[in-house]
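**Q** Once you've had a glance at the structure underneath, I'll fire off some questions.
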Amino acid sequence: MNFHDAKANTLFSPYELGSLKLKNRFVMSPMTRSRALEGSVPNPLAAEYYAQRAGAGLIVTEATQVSPQGVGYVRTPGIHSKDQVEGWKKITSAVHKAGGKIFLQLWHVGRISHSDFHGGEPPVAPSAIAATGKTWTPEGQKDYSTPRALDASELPGIVEDFRRGAQNAKDAGFDGVEIHGANGYLLDQFTRDGTNKRTDNYGGSLEKRLRFPLEVVDAVVSVWGADRVGYRMSPYFTGHSMSDSDPLATFSQLADELNRRKLGYIHVVDSPKNAQRISPVLRELFDGTYIVAEGFDEASASEAITRGEADLVAFGKPFISNPDLPERYKNNATVAAWDSTTFYQGGPKGDAQGYTDYPALA
């Protein structure tokens with residue numbers, strides 16, 4: 001693999017993501033903030049929230065469901081109705097006006113849901129295996145429901161939901177889309193053998209387990225072209241009761257398949273603090289843009305880029321409390337602390353608290 005000139009690879013240097021010109025190597029990570037309105041319509045405040053953070057080379061939105069079946073948390077936005085598309089148009093317009101680039105993250109939670117969201121019906125998954133843990137429903141916090149296994153005949157409809165979501169994102173003015181294949185949600189559930197116990201063409205062998213996620217990728221690429229599509233994965237994620245007997249083999253094969261499709265980027269959750277890092281392997285298998293995420297600071301991010309381990313680095317929580325994070329790092333300024341109590345809801349002052357009220361330096 002040919003890495004770019006290491007000297008040019010600073011966190012603050014421009015980068016070309018396919019035909020998109022990014023002003024720096026900072027990515028704002030997708031982060032659920034649970035502030036959507038009735039009908040899963042994005043909050044009008046989100047236009048200000050994302051525009052404040054347009055100093056990032058690339059923004060990836062909070063996870064956004066492709067259908068009502070894909071919902072698993074209260075007040076998360078969707079991309080499957082006209083009102084949702086109209087709401088997102090205001091956000092993309094504000095980000096572009098502020099000089100930023102923004103991708104929408106396409107999401108289906110699968111089993112990480114509750115029957116309260118689905119009229120009393122169980123959520124869906126590759127296999128009828130419940131995750132341990134709780135989710136916030138409209139009626140409060142409850143254990144995840146035991147899902148029902150999807151029939152193979154239902155899968156083309158979900159692929160179409162992703163395709164339609166990708167088209168709606170295009171209509172809403174986004175610069176591209178990221179497919180959420182990480183963190184134990186539906187595509188991850190199909191990918192890993194701990195959650196996929198199917199015996200049909202969508203389970204068993206690694207090739208069969210990857211079939212459905214790759215059908216989704218192909219459908220989304222048919223809308224955007226490969227260079228404007230990314231895929232997020234978290235090979236060693238164990239939350240949401242996730243496991244795989246051989247993550248290295250599983251995600252190497254996935255990276256290879258995405259490389260064959262010439263996808264714009266893969267976005268890999270692989271902390272610099274992990275004793276067992278998968279990025280050195282996946283980086284060799286994938287020729288497109290490589291984004292790393294989780295627990296990076298300025299020093300570890302710069303090092304990853306300079307050493308050719310990544311092209312771009314995603315930052316999550318630091319972007320919540322520092323809307324101007326790239327400027328702060330560049331000027332060695334103080335990085336403000338975040339308030340975790342307002343991550344998923346505002347405070348007494350409403351939705352803006354902990355959302356749009358963190359000040360920039362200037």
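Residues are named by chain letter and number: chains run A, B, ... in the order of the structure tokens, numbers start at 1 in each chain, and ligands are numbered from 1 in the order shown.
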So which residues touch Arg198 in chain A within 9 Å, counting only C-alpha atoms, skipping near sequence neighbours fewer than 3 positions away, as a list in words?
**A**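 Selected residues are Pro126, Ser127, Ala149, Asn201, Tyr202, Gly203, Gly204 and Arg209 of chain A.
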**Q** Residues at most 10 Å from Leu37 in chain A, counting only C-alpha atoms, excluding those fewer than 3 positions away in the same chain, as a list in words?
**A** Ser34, Ser40, Val41, Pro42, Asn43, Pro44, Val74, Arg75, Thr76, Pro77 and Gln84 of chain A
**Q** Write the residues of the preceding selection, restricted to C-alpha atoms, as a compact mmCIF listing (two decimals), in the first residue's frame.
**A**
# COMPACT_ATOMS: atom_id res chain seq x y z
CA SER A 34 -31.36 12.11 21.69
CA SER A 40 -38.03 11.39 14.52
CA VAL A 41 -37.57 14.78 12.86
CA PRO A 42 -34.18 16.38 13.55
CA ASN A 43 -34.26 19.17 16.13
CA PRO A 44 -33.91 22.64 14.51
CA VAL A 74 -36.01 7.65 22.29
CA ARG A 75 -35.62 10.89 20.35
CA THR A 76 -33.26 9.66 17.63
CA PRO A 77 -33.67 11.10 14.12
CA GLN A 84 -37.21 14.25 8.30
**Q** Using only C-alpha atoms, determine which residues lie at most 12 Å from Val223 in chain A, disregarding the query and same-chain residues fewer than 3 positions distant; provide the list as number ranges by chain.
**A** A: 160, 162-171, 176-177, 216-220, 226-229
**Q** Rounded to one decimal, what separation in Å do you get between CA of Leu22 in chain A and CA of His96 in chain A?
**A**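 For CA of Leu22 in chain A relative to CA of His96 in chain A, the distance reads 12.3 Å.
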**Q** Restricting the calculation to only C-alpha atoms, which member of A:Ser271, A:Ser145, A:Asn322, A:Gln353 is positioned closest to Trp338 in chain A?
**A**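 Of A:Ser271, A:Ser145, A:Asn322, A:Gln353, the one nearest Trp338 in chain A, counting only C-alpha atoms, is A:Asn322.
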**Q** Using only C-alpha atoms, which of A:Thr289, A:Pro272, A:Leu20, A:Ala98 sits nearest Ala301 in chain A?
**A**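 When distances to Ala301 in chain A are compared using only C-alpha atoms, the smallest one comes from A:Pro272.
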**Q** Find the residue from A:Met31, A:Asn332, A:Val159, A:Ala131 that sits nearest to Pro147 in chain A; use only C-alpha atoms when measuring.
**A** A:Ala131
**Q** As an exercise, work out the distance from CA of Asp324 in chain A to CA of Lys21 in chain A in Å and give it to one decimal place.
**A**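 According to the coordinates, CA of Asp324 in chain A and CA of Lys21 in chain A are separated by 19.4 Å.
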**Q** Using only C-alpha atoms, which residues of range 145-206 of chain A come within 10 Å of range 245-257 of chain A, and what is the closest atom pair for each, with the distance in Å to one decimal? Give it as CSV, sorted by chain and residue number.
**A**
residue,atom,partner,partner_atom,distance
A:Thr191,CA,A:Thr250,CA,7.6
A:Arg192,CA,A:Thr250,CA,7.4
A:Asp193,CA,A:Ser245,CA,6.7
A:Gly194,CA,A:Ser245,CA,7.3
A:Leu206,CA,A:Thr250,CA,6.7
**Q** One decimal, Å: what's the distance from CA of Tyr50 in chain A over to CA of Ile91 in chain A, could you say?
**A**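 Computing it gives 7.2 Å between the two atoms.
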